[in-house]
>>> print(open('entry-v2.txt').read())   # compact mmCIF, N, CA and C atoms
# COMPACT_ATOMS: atom_id res chain seq x y z
N GLN A 121 -10.64 -10.42 -19.58
CA GLN A 121 -10.17 -9.45 -18.58
C GLN A 121 -11.05 -9.53 -17.34
N VAL A 122 -10.42 -9.29 -16.20
CA VAL A 122 -11.11 -9.38 -14.91
C VAL A 122 -10.94 -8.05 -14.19
N GLN A 123 -12.03 -7.58 -13.61
CA GLN A 123 -11.99 -6.37 -12.81
C GLN A 123 -12.40 -6.69 -11.37
N LEU A 124 -11.66 -6.12 -10.42
CA LEU A 124 -11.95 -6.29 -9.01
C LEU A 124 -12.11 -4.91 -8.40
N MET A 125 -13.22 -4.69 -7.71
CA MET A 125 -13.50 -3.36 -7.15
C MET A 125 -13.81 -3.49 -5.67
N GLU A 126 -12.92 -2.93 -4.83
CA GLU A 126 -13.12 -2.99 -3.38
C GLU A 126 -13.96 -1.82 -2.89
N SER A 127 -14.59 -2.02 -1.75
CA SER A 127 -15.30 -0.96 -1.07
C SER A 127 -15.39 -1.31 0.41
N GLY A 128 -15.70 -0.31 1.24
CA GLY A 128 -15.94 -0.56 2.64
C GLY A 128 -14.85 -0.13 3.60
N GLY A 129 -13.76 0.40 3.08
CA GLY A 129 -12.71 0.88 3.97
C GLY A 129 -13.12 2.16 4.69
N GLY A 130 -12.27 2.61 5.62
CA GLY A 130 -12.57 3.84 6.33
C GLY A 130 -11.79 3.94 7.61
N LEU A 131 -12.22 4.88 8.45
CA LEU A 131 -11.59 5.13 9.74
C LEU A 131 -12.44 4.49 10.84
N VAL A 132 -11.79 3.75 11.71
CA VAL A 132 -12.51 3.08 12.80
C VAL A 132 -11.64 3.12 14.06
N GLN A 133 -12.28 3.15 15.20
CA GLN A 133 -11.54 3.16 16.47
C GLN A 133 -11.04 1.75 16.81
N PRO A 134 -9.98 1.66 17.58
CA PRO A 134 -9.53 0.33 18.04
C PRO A 134 -10.67 -0.43 18.72
N GLY A 135 -10.76 -1.71 18.38
CA GLY A 135 -11.84 -2.53 18.90
C GLY A 135 -13.09 -2.54 18.04
N GLY A 136 -13.12 -1.68 17.04
CA GLY A 136 -14.28 -1.58 16.16
C GLY A 136 -14.26 -2.61 15.04
N SER A 137 -15.24 -2.50 14.15
CA SER A 137 -15.42 -3.45 13.06
C SER A 137 -15.60 -2.73 11.74
N LEU A 138 -15.19 -3.40 10.68
CA LEU A 138 -15.43 -2.95 9.31
C LEU A 138 -15.69 -4.17 8.45
N ARG A 139 -16.43 -3.97 7.37
CA ARG A 139 -16.65 -5.05 6.41
C ARG A 139 -16.24 -4.56 5.03
N LEU A 140 -15.26 -5.24 4.44
CA LEU A 140 -14.82 -4.93 3.10
C LEU A 140 -15.55 -5.81 2.09
N SER A 141 -15.79 -5.25 0.92
CA SER A 141 -16.39 -6.01 -0.17
C SER A 141 -15.53 -5.88 -1.41
N CYS A 142 -15.56 -6.92 -2.24
CA CYS A 142 -14.84 -6.91 -3.51
C CYS A 142 -15.75 -7.51 -4.57
N ALA A 143 -16.17 -6.69 -5.51
CA ALA A 143 -17.02 -7.16 -6.60
C ALA A 143 -16.16 -7.54 -7.79
N ALA A 144 -16.32 -8.77 -8.25
CA ALA A 144 -15.56 -9.26 -9.39
C ALA A 144 -16.44 -9.24 -10.64
N SER A 145 -15.85 -8.82 -11.75
CA SER A 145 -16.58 -8.80 -13.01
C SER A 145 -15.65 -9.17 -14.15
N GLY A 146 -16.23 -9.50 -15.30
CA GLY A 146 -15.43 -9.90 -16.44
C GLY A 146 -15.43 -11.41 -16.62
N SER A 147 -14.36 -11.92 -17.17
CA SER A 147 -14.24 -13.36 -17.49
C SER A 147 -13.72 -14.13 -16.28
N ILE A 148 -14.62 -14.48 -15.37
CA ILE A 148 -14.20 -15.13 -14.12
C ILE A 148 -14.70 -16.57 -14.04
N SER A 149 -14.96 -17.20 -15.16
CA SER A 149 -15.50 -18.56 -15.13
C SER A 149 -14.49 -19.55 -14.56
N ASN A 150 -13.19 -19.30 -14.73
CA ASN A 150 -12.18 -20.19 -14.19
C ASN A 150 -11.47 -19.53 -13.01
N LEU A 151 -12.26 -19.19 -12.00
CA LEU A 151 -11.72 -18.53 -10.82
C LEU A 151 -11.07 -19.57 -9.91
N ILE A 152 -9.80 -19.45 -9.66
CA ILE A 152 -9.07 -20.44 -8.87
C ILE A 152 -9.08 -20.07 -7.39
N SER A 153 -8.88 -18.79 -7.10
CA SER A 153 -8.90 -18.35 -5.71
C SER A 153 -9.17 -16.86 -5.66
N MET A 154 -9.66 -16.42 -4.52
CA MET A 154 -9.82 -14.99 -4.24
C MET A 154 -9.36 -14.74 -2.82
N GLY A 155 -8.84 -13.56 -2.60
CA GLY A 155 -8.36 -13.27 -1.26
C GLY A 155 -8.14 -11.80 -1.01
N TRP A 156 -7.69 -11.52 0.20
CA TRP A 156 -7.39 -10.15 0.62
C TRP A 156 -5.92 -10.08 1.05
N TYR A 157 -5.26 -9.03 0.60
CA TYR A 157 -3.91 -8.70 1.02
C TYR A 157 -3.95 -7.30 1.60
N ARG A 158 -2.89 -6.95 2.34
CA ARG A 158 -2.79 -5.59 2.85
C ARG A 158 -1.35 -5.13 2.81
N GLN A 159 -1.20 -3.81 2.75
CA GLN A 159 0.14 -3.22 2.73
C GLN A 159 0.14 -1.97 3.58
N ALA A 160 0.92 -2.00 4.63
CA ALA A 160 1.10 -0.83 5.49
C ALA A 160 2.26 0.00 4.97
N PRO A 161 2.31 1.28 5.31
CA PRO A 161 3.41 2.14 4.84
C PRO A 161 4.77 1.57 5.22
N GLY A 162 5.65 1.48 4.23
CA GLY A 162 6.99 0.99 4.48
C GLY A 162 7.10 -0.52 4.63
N GLU A 163 5.98 -1.22 4.45
CA GLU A 163 5.97 -2.68 4.62
C GLU A 163 5.67 -3.36 3.29
N GLN A 164 5.97 -4.67 3.25
CA GLN A 164 5.62 -5.44 2.07
C GLN A 164 4.14 -5.83 2.13
N ARG A 165 3.59 -6.07 0.96
CA ARG A 165 2.21 -6.54 0.88
C ARG A 165 2.15 -7.97 1.45
N GLU A 166 1.13 -8.21 2.28
CA GLU A 166 1.03 -9.52 2.92
C GLU A 166 -0.37 -10.09 2.77
N LEU A 167 -0.43 -11.42 2.77
CA LEU A 167 -1.71 -12.11 2.69
C LEU A 167 -2.47 -11.94 4.01
N VAL A 168 -3.75 -11.62 3.88
CA VAL A 168 -4.62 -11.55 5.06
C VAL A 168 -5.48 -12.81 5.14
N ALA A 169 -6.16 -13.12 4.04
CA ALA A 169 -7.01 -14.31 3.99
C ALA A 169 -7.34 -14.63 2.54
N ARG A 170 -7.59 -15.91 2.24
CA ARG A 170 -7.96 -16.28 0.88
C ARG A 170 -8.82 -17.53 0.91
N ILE A 171 -9.62 -17.68 -0.15
CA ILE A 171 -10.47 -18.85 -0.34
C ILE A 171 -10.06 -19.52 -1.64
N ILE A 172 -9.81 -20.82 -1.58
CA ILE A 172 -9.51 -21.60 -2.77
C ILE A 172 -10.83 -22.14 -3.30
N SER A 173 -11.09 -21.88 -4.60
CA SER A 173 -12.39 -22.24 -5.15
C SER A 173 -12.62 -23.75 -5.13
N ASP A 174 -11.62 -24.53 -5.49
CA ASP A 174 -11.74 -25.98 -5.54
C ASP A 174 -11.63 -26.54 -4.12
N GLY A 175 -12.74 -26.90 -3.54
CA GLY A 175 -12.75 -27.43 -2.18
C GLY A 175 -13.11 -26.42 -1.12
N GLY A 176 -12.98 -25.15 -1.44
CA GLY A 176 -13.39 -24.10 -0.51
C GLY A 176 -12.50 -23.90 0.69
N SER A 177 -11.24 -24.37 0.64
CA SER A 177 -10.36 -24.18 1.79
C SER A 177 -10.06 -22.70 2.00
N ILE A 178 -9.85 -22.34 3.26
CA ILE A 178 -9.62 -20.95 3.65
C ILE A 178 -8.32 -20.86 4.44
N ASN A 179 -7.53 -19.85 4.15
CA ASN A 179 -6.30 -19.58 4.89
C ASN A 179 -6.35 -18.18 5.48
N TYR A 180 -5.85 -18.04 6.70
CA TYR A 180 -5.75 -16.74 7.36
C TYR A 180 -4.31 -16.51 7.82
N ALA A 181 -3.92 -15.24 7.80
CA ALA A 181 -2.67 -14.88 8.45
C ALA A 181 -2.84 -15.07 9.95
N ASP A 182 -1.78 -15.48 10.63
CA ASP A 182 -1.87 -15.71 12.08
C ASP A 182 -2.33 -14.46 12.81
N SER A 183 -1.94 -13.30 12.32
CA SER A 183 -2.24 -12.04 13.00
C SER A 183 -3.73 -11.68 13.00
N VAL A 184 -4.52 -12.32 12.13
CA VAL A 184 -5.94 -11.97 12.04
C VAL A 184 -6.87 -13.13 12.43
N LYS A 185 -6.30 -14.29 12.69
CA LYS A 185 -7.13 -15.46 13.06
C LYS A 185 -7.98 -15.15 14.28
N GLY A 186 -9.26 -15.51 14.18
CA GLY A 186 -10.18 -15.27 15.29
C GLY A 186 -10.80 -13.88 15.28
N ARG A 187 -10.28 -13.00 14.45
CA ARG A 187 -10.83 -11.63 14.38
C ARG A 187 -11.45 -11.32 13.02
N PHE A 188 -10.85 -11.85 11.95
CA PHE A 188 -11.31 -11.59 10.59
C PHE A 188 -11.97 -12.84 10.03
N THR A 189 -12.99 -12.62 9.17
CA THR A 189 -13.66 -13.72 8.50
C THR A 189 -13.82 -13.41 7.02
N ILE A 190 -13.34 -14.30 6.17
CA ILE A 190 -13.49 -14.14 4.73
C ILE A 190 -14.66 -14.99 4.26
N SER A 191 -15.42 -14.46 3.30
CA SER A 191 -16.55 -15.21 2.76
C SER A 191 -16.81 -14.78 1.33
N ARG A 192 -17.60 -15.59 0.63
CA ARG A 192 -17.94 -15.29 -0.76
C ARG A 192 -19.43 -15.46 -0.99
N ASP A 193 -19.96 -14.61 -1.85
CA ASP A 193 -21.31 -14.76 -2.37
C ASP A 193 -21.14 -15.11 -3.84
N ASN A 194 -21.20 -16.41 -4.15
CA ASN A 194 -20.91 -16.84 -5.52
C ASN A 194 -21.93 -16.31 -6.52
N ALA A 195 -23.16 -16.19 -6.09
CA ALA A 195 -24.21 -15.71 -7.00
C ALA A 195 -23.95 -14.27 -7.44
N LYS A 196 -23.33 -13.49 -6.54
CA LYS A 196 -23.07 -12.08 -6.85
C LYS A 196 -21.61 -11.81 -7.18
N ASN A 197 -20.80 -12.91 -7.24
CA ASN A 197 -19.37 -12.75 -7.54
C ASN A 197 -18.72 -11.71 -6.64
N THR A 198 -19.03 -11.79 -5.37
CA THR A 198 -18.52 -10.81 -4.42
C THR A 198 -17.81 -11.50 -3.27
N LEU A 199 -16.68 -10.93 -2.89
CA LEU A 199 -15.86 -11.42 -1.79
C LEU A 199 -15.98 -10.44 -0.63
N PHE A 200 -16.02 -10.96 0.59
CA PHE A 200 -16.14 -10.11 1.76
C PHE A 200 -15.00 -10.37 2.75
N LEU A 201 -14.72 -9.38 3.56
CA LEU A 201 -13.82 -9.56 4.69
C LEU A 201 -14.43 -8.83 5.88
N GLN A 202 -14.95 -9.60 6.82
CA GLN A 202 -15.47 -9.03 8.06
C GLN A 202 -14.33 -8.91 9.05
N MET A 203 -14.06 -7.69 9.50
CA MET A 203 -12.95 -7.42 10.39
C MET A 203 -13.48 -6.94 11.73
N ASN A 204 -13.25 -7.71 12.76
CA ASN A 204 -13.69 -7.36 14.12
C ASN A 204 -12.48 -7.15 15.02
N SER A 205 -12.72 -6.53 16.15
CA SER A 205 -11.66 -6.29 17.14
C SER A 205 -10.43 -5.69 16.49
N LEU A 206 -10.65 -4.67 15.69
CA LEU A 206 -9.54 -4.07 14.92
C LEU A 206 -8.51 -3.44 15.84
N LYS A 207 -7.25 -3.55 15.42
CA LYS A 207 -6.12 -3.00 16.16
C LYS A 207 -5.43 -1.95 15.30
N ARG A 208 -4.66 -1.10 15.95
CA ARG A 208 -3.93 -0.06 15.21
C ARG A 208 -3.03 -0.69 14.15
N GLU A 209 -2.47 -1.85 14.45
CA GLU A 209 -1.56 -2.48 13.49
C GLU A 209 -2.29 -3.08 12.29
N ASP A 210 -3.61 -3.03 12.27
CA ASP A 210 -4.36 -3.46 11.09
C ASP A 210 -4.46 -2.34 10.04
N THR A 211 -3.99 -1.15 10.41
CA THR A 211 -4.02 -0.03 9.48
C THR A 211 -3.18 -0.33 8.24
N ALA A 212 -3.79 -0.22 7.07
CA ALA A 212 -3.12 -0.56 5.82
C ALA A 212 -4.07 -0.29 4.66
N VAL A 213 -3.53 -0.37 3.46
CA VAL A 213 -4.36 -0.43 2.27
C VAL A 213 -4.67 -1.91 2.01
N TYR A 214 -5.93 -2.23 1.89
CA TYR A 214 -6.37 -3.61 1.69
C TYR A 214 -6.70 -3.81 0.21
N TYR A 215 -6.14 -4.87 -0.34
CA TYR A 215 -6.31 -5.17 -1.76
C TYR A 215 -7.05 -6.49 -1.95
N CYS A 216 -7.97 -6.48 -2.87
CA CYS A 216 -8.62 -7.72 -3.30
C CYS A 216 -7.75 -8.36 -4.38
N HIS A 217 -7.63 -9.65 -4.33
CA HIS A 217 -6.80 -10.38 -5.28
C HIS A 217 -7.55 -11.60 -5.81
N GLY A 218 -7.39 -11.87 -7.10
CA GLY A 218 -7.99 -13.05 -7.68
C GLY A 218 -7.05 -13.72 -8.66
N ILE A 219 -7.14 -15.03 -8.72
CA ILE A 219 -6.40 -15.80 -9.71
C ILE A 219 -7.43 -16.46 -10.62
N VAL A 220 -7.40 -16.05 -11.88
CA VAL A 220 -8.34 -16.55 -12.88
C VAL A 220 -7.55 -17.10 -14.05
N SER A 221 -7.79 -18.37 -14.38
CA SER A 221 -7.04 -19.02 -15.46
C SER A 221 -5.54 -18.82 -15.28
N PHE A 222 -5.10 -18.93 -14.02
CA PHE A 222 -3.68 -18.85 -13.65
C PHE A 222 -3.08 -17.47 -13.88
N ARG A 223 -3.93 -16.45 -14.03
CA ARG A 223 -3.47 -15.07 -14.10
C ARG A 223 -3.87 -14.35 -12.82
N SER A 224 -3.02 -13.43 -12.39
CA SER A 224 -3.22 -12.72 -11.13
C SER A 224 -3.82 -11.35 -11.41
N TYR A 225 -4.87 -11.00 -10.62
CA TYR A 225 -5.53 -9.72 -10.78
C TYR A 225 -5.65 -9.05 -9.42
N TRP A 226 -5.53 -7.70 -9.43
CA TRP A 226 -5.61 -6.91 -8.20
C TRP A 226 -6.64 -5.81 -8.33
N GLY A 227 -7.30 -5.52 -7.22
CA GLY A 227 -8.12 -4.34 -7.14
C GLY A 227 -7.27 -3.11 -6.88
N GLN A 228 -7.91 -1.95 -6.81
CA GLN A 228 -7.16 -0.70 -6.65
C GLN A 228 -6.81 -0.43 -5.20
N GLY A 229 -7.43 -1.16 -4.28
CA GLY A 229 -7.13 -1.01 -2.86
C GLY A 229 -8.10 -0.08 -2.15
N THR A 230 -8.30 -0.34 -0.87
CA THR A 230 -9.14 0.52 -0.04
C THR A 230 -8.43 0.73 1.30
N GLN A 231 -8.41 1.96 1.76
CA GLN A 231 -7.67 2.30 2.98
C GLN A 231 -8.48 1.95 4.22
N VAL A 232 -7.83 1.27 5.13
CA VAL A 232 -8.39 1.00 6.46
C VAL A 232 -7.47 1.65 7.49
N THR A 233 -8.03 2.54 8.28
CA THR A 233 -7.26 3.23 9.32
C THR A 233 -7.89 2.97 10.67
N VAL A 234 -7.10 2.42 11.58
CA VAL A 234 -7.59 2.14 12.93
C VAL A 234 -6.90 3.13 13.87
N SER A 235 -7.69 4.05 14.39
CA SER A 235 -7.12 5.11 15.22
C SER A 235 -8.20 5.70 16.12
N SER A 236 -7.76 6.17 17.28
CA SER A 236 -8.70 6.83 18.17
C SER A 236 -8.61 8.35 18.00
>>> encode(input="entry-v2.txt", output="structure tokens")
Amino acid sequence: QVQLMESGGGLVQPGGSLRLSCAASGSISNLISMGWYRQAPGEQRELVARIISDGGSINYADSVKGRFTISRDNAKNTLFLQMNSLKREDTAVYYCHGIVSFRSYWGQGTQVTVSS
């Protein structure tokens, strides 16, 4: 079993920054990928960014390229999302996601609200 626990969400003004963290625990020896998704009210859940373990390739949604940075601390089994130049349209619940042994796991989500 794999557990993913997000932290770091909150309220920030437009143009501000936040850093999300996701701590992974459990049986994660065959971790294939980790990433961040988000879901705004009334919208479908969408990919924000992800890292593929084999080769370390990174993908970003077009809407966050140049503003968000995904990274991993392998020693601490922790995933990060540095979010800069935040916009109102970035407001959503952000979910950590992992694929371990071809099974999909989700965190409980953390709310990010961008508002003045």
>>> atom_distance(input="entry-v2.txt", atom1="atom C of Ile171 of chain A", atom2="atom CA of Gln121 of chain A")
19.7 Å
>>> select_by_dssp(input="entry-v2.txt", residues="segment 142-187 of chain A", states="strand (DSSP E)", output="MDAnalysis selection string")
chainID A and resid 142:146 151:159 166:172 178:180
>>> closest_atom_pairs(input="entry-v2.txt", of="segment 133-189 of chain A", to="segment 205-213 of chain A", cutoff="6 Å", atoms="only C-alpha atoms", output="JSON lines")
{"residue": "A:Pro134", "atom": "CA", "partner": "A:Lys207", "partner_atom": "CA", "distance": 5.1}
{"residue": "A:Gly135", "atom": "CA", "partner": "A:Ser205", "partner_atom": "CA", "distance": 4.2}
{"residue": "A:Gly136", "atom": "CA", "partner": "A:Ser205", "partner_atom": "CA", "distance": 5.5}
{"residue": "A:Arg158", "atom": "CA", "partner": "A:Val213", "partner_atom": "CA", "distance": 5.4}
{"residue": "A:Gln159", "atom": "CA", "partner": "A:Ala212", "partner_atom": "CA", "distance": 5.2}
{"residue": "A:Ala160", "atom": "CA", "partner": "A:Ala212", "partner_atom": "CA", "distance": 4.2}
>>> residues_around(input="entry-v2.txt", residues="segment 180-192 of chain A", least_positions_apart="3", cutoff="7 Å", atoms="only C-alpha atoms", output="VMD selection string")
chain A and resid 167 to 170 198 to 205
>>> residues_around(input="entry-v2.txt", residues="Ala143 of chain A", least_positions_apart="6", cutoff="6.5 Å", atoms="all atoms listed in the file", output="list in words")
Gln123, Leu124, Met125, Glu126, Ser127, Asn197, Thr198 and Leu199 of chain A
>>> build_atoms(input="entry-v2.txt", residues="segment 148-159 of chain A", atoms="all heavy atoms", output="JSON list (two decimals), in the coordinates of the input")
[["chain", "number", "residue", "atom", "x", "y", "z"],
["A", 148, "ILE", "N", -14.62, -14.48, -15.37],
["A", 148, "ILE", "CA", -14.20, -15.13, -14.12],
["A", 148, "ILE", "C", -14.70, -16.57, -14.04],
["A", 148, "ILE", "O", -14.80, -17.13, -12.94],
["A", 148, "ILE", "CB", -14.68, -14.33, -12.89],
["A", 148, "ILE", "CG1", -16.20, -14.16, -12.93],
["A", 148, "ILE", "CG2", -13.98, -12.99, -12.83],
["A", 148, "ILE", "CD1", -16.76, -13.54, -11.67],
["A", 149, "SER", "N", -14.96, -17.20, -15.16],
["A", 149, "SER", "CA", -15.50, -18.56, -15.13],
["A", 149, "SER", "C", -14.49, -19.55, -14.56],
["A", 149, "SER", "O", -14.88, -20.55, -13.96],
["A", 149, "SER", "CB", -15.92, -18.98, -16.53],
["A", 149, "SER", "OG", -14.82, -18.91, -17.42],
["A", 150, "ASN", "N", -13.19, -19.30, -14.73],
["A", 150, "ASN", "CA", -12.18, -20.19, -14.19],
["A", 150, "ASN", "C", -11.47, -19.53, -13.01],
["A", 150, "ASN", "O", -10.24, -19.36, -13.00],
["A", 150, "ASN", "CB", -11.17, -20.58, -15.27],
["A", 150, "ASN", "CG", -10.23, -21.68, -14.81],
["A", 150, "ASN", "OD1", -10.52, -22.44, -13.89],
["A", 150, "ASN", "ND2", -9.07, -21.77, -15.43],
["A", 151, "LEU", "N", -12.26, -19.19, -12.00],
["A", 151, "LEU", "CA", -11.72, -18.53, -10.82],
["A", 151, "LEU", "C", -11.07, -19.57, -9.91],
["A", 151, "LEU", "O", -11.75, -20.47, -9.43],
["A", 151, "LEU", "CB", -12.84, -17.80, -10.08],
["A", 151, "LEU", "CG", -12.46, -17.04, -8.82],
["A", 151, "LEU", "CD1", -11.52, -15.90, -9.15],
["A", 151, "LEU", "CD2", -13.70, -16.52, -8.13],
["A", 152, "ILE", "N", -9.80, -19.45, -9.66],
["A", 152, "ILE", "CA", -9.07, -20.44, -8.87],
["A", 152, "ILE", "C", -9.08, -20.07, -7.39],
["A", 152, "ILE", "O", -9.24, -20.92, -6.52],
["A", 152, "ILE", "CB", -7.63, -20.58, -9.38],
["A", 152, "ILE", "CG1", -7.66, -21.15, -10.81],
["A", 152, "ILE", "CG2", -6.79, -21.46, -8.46],
["A", 152, "ILE", "CD1", -6.32, -21.17, -11.50],
["A", 153, "SER", "N", -8.88, -18.79, -7.10],
["A", 153, "SER", "CA", -8.90, -18.35, -5.71],
["A", 153, "SER", "C", -9.17, -16.86, -5.66],
["A", 153, "SER", "O", -8.97, -16.13, -6.64],
["A", 153, "SER", "CB", -7.57, -18.64, -5.01],
["A", 153, "SER", "OG", -6.55, -17.79, -5.49],
["A", 154, "MET", "N", -9.66, -16.42, -4.52],
["A", 154, "MET", "CA", -9.82, -14.99, -4.24],
["A", 154, "MET", "C", -9.36, -14.74, -2.82],
["A", 154, "MET", "O", -9.50, -15.61, -1.95],
["A", 154, "MET", "CB", -11.26, -14.53, -4.40],
["A", 154, "MET", "CG", -11.74, -14.45, -5.82],
["A", 154, "MET", "SD", -13.35, -13.62, -5.95],
["A", 154, "MET", "CE", -12.84, -11.90, -5.73],
["A", 155, "GLY", "N", -8.84, -13.56, -2.60],
["A", 155, "GLY", "CA", -8.36, -13.27, -1.26],
["A", 155, "GLY", "C", -8.14, -11.80, -1.01],
["A", 155, "GLY", "O", -8.39, -10.96, -1.89],
["A", 156, "TRP", "N", -7.69, -11.52, 0.20],
["A", 156, "TRP", "CA", -7.39, -10.15, 0.62],
["A", 156, "TRP", "C", -5.92, -10.08, 1.05],
["A", 156, "TRP", "O", -5.43, -10.96, 1.78],
["A", 156, "TRP", "CB", -8.27, -9.75, 1.80],
["A", 156, "TRP", "CG", -9.71, -9.61, 1.46],
["A", 156, "TRP", "CD1", -10.69, -10.56, 1.61],
["A", 156, "TRP", "CD2", -10.35, -8.46, 0.90],
["A", 156, "TRP", "NE1", -11.89, -10.08, 1.17],
["A", 156, "TRP", "CE2", -11.71, -8.78, 0.73],
["A", 156, "TRP", "CE3", -9.91, -7.19, 0.52],
["A", 156, "TRP", "CZ2", -12.63, -7.87, 0.21],
["A", 156, "TRP", "CZ3", -10.82, -6.29, 0.00],
["A", 156, "TRP", "CH2", -12.17, -6.63, -0.16],
["A", 157, "TYR", "N", -5.26, -9.03, 0.60],
["A", 157, "TYR", "CA", -3.91, -8.70, 1.02],
["A", 157, "TYR", "C", -3.95, -7.30, 1.60],
["A", 157, "TYR", "O", -4.89, -6.55, 1.38],
["A", 157, "TYR", "CB", -2.94, -8.74, -0.17],
["A", 157, "TYR", "CG", -2.60, -10.13, -0.66],
["A", 157, "TYR", "CD1", -3.53, -10.91, -1.33],
["A", 157, "TYR", "CD2", -1.32, -10.65, -0.46],
["A", 157, "TYR", "CE1", -3.21, -12.18, -1.77],
["A", 157, "TYR", "CE2", -0.99, -11.93, -0.91],
["A", 157, "TYR", "CZ", -1.94, -12.67, -1.56],
["A", 157, "TYR", "OH", -1.62, -13.94, -2.01],
["A", 158, "ARG", "N", -2.89, -6.95, 2.34],
["A", 158, "ARG", "CA", -2.79, -5.59, 2.85],
["A", 158, "ARG", "C", -1.35, -5.13, 2.81],
["A", 158, "ARG", "O", -0.42, -5.95, 2.85],
["A", 158, "ARG", "CB", -3.35, -5.49, 4.27],
["A", 158, "ARG", "CG", -2.55, -6.23, 5.32],
["A", 158, "ARG", "CD", -3.28, -6.17, 6.67],
["A", 158, "ARG", "NE", -2.53, -6.85, 7.72],
["A", 158, "ARG", "CZ", -3.01, -7.06, 8.95],
["A", 158, "ARG", "NH1", -4.23, -6.64, 9.27],
["A", 158, "ARG", "NH2", -2.27, -7.68, 9.85],
["A", 159, "GLN", "N", -1.20, -3.81, 2.75],
["A", 159, "GLN", "CA", 0.14, -3.22, 2.73],
["A", 159, "GLN", "C", 0.14, -1.97, 3.58],
["A", 159, "GLN", "O", -0.58, -1.00, 3.28],
["A", 159, "GLN", "CB", 0.57, -2.90, 1.30],
["A", 159, "GLN", "CG", 2.02, -2.45, 1.19],
["A", 159, "GLN", "CD", 2.50, -2.45, -0.24],
["A", 159, "GLN", "OE1", 1.72, -2.44, -1.19],
["A", 159, "GLN", "NE2", 3.82, -2.48, -0.42]]
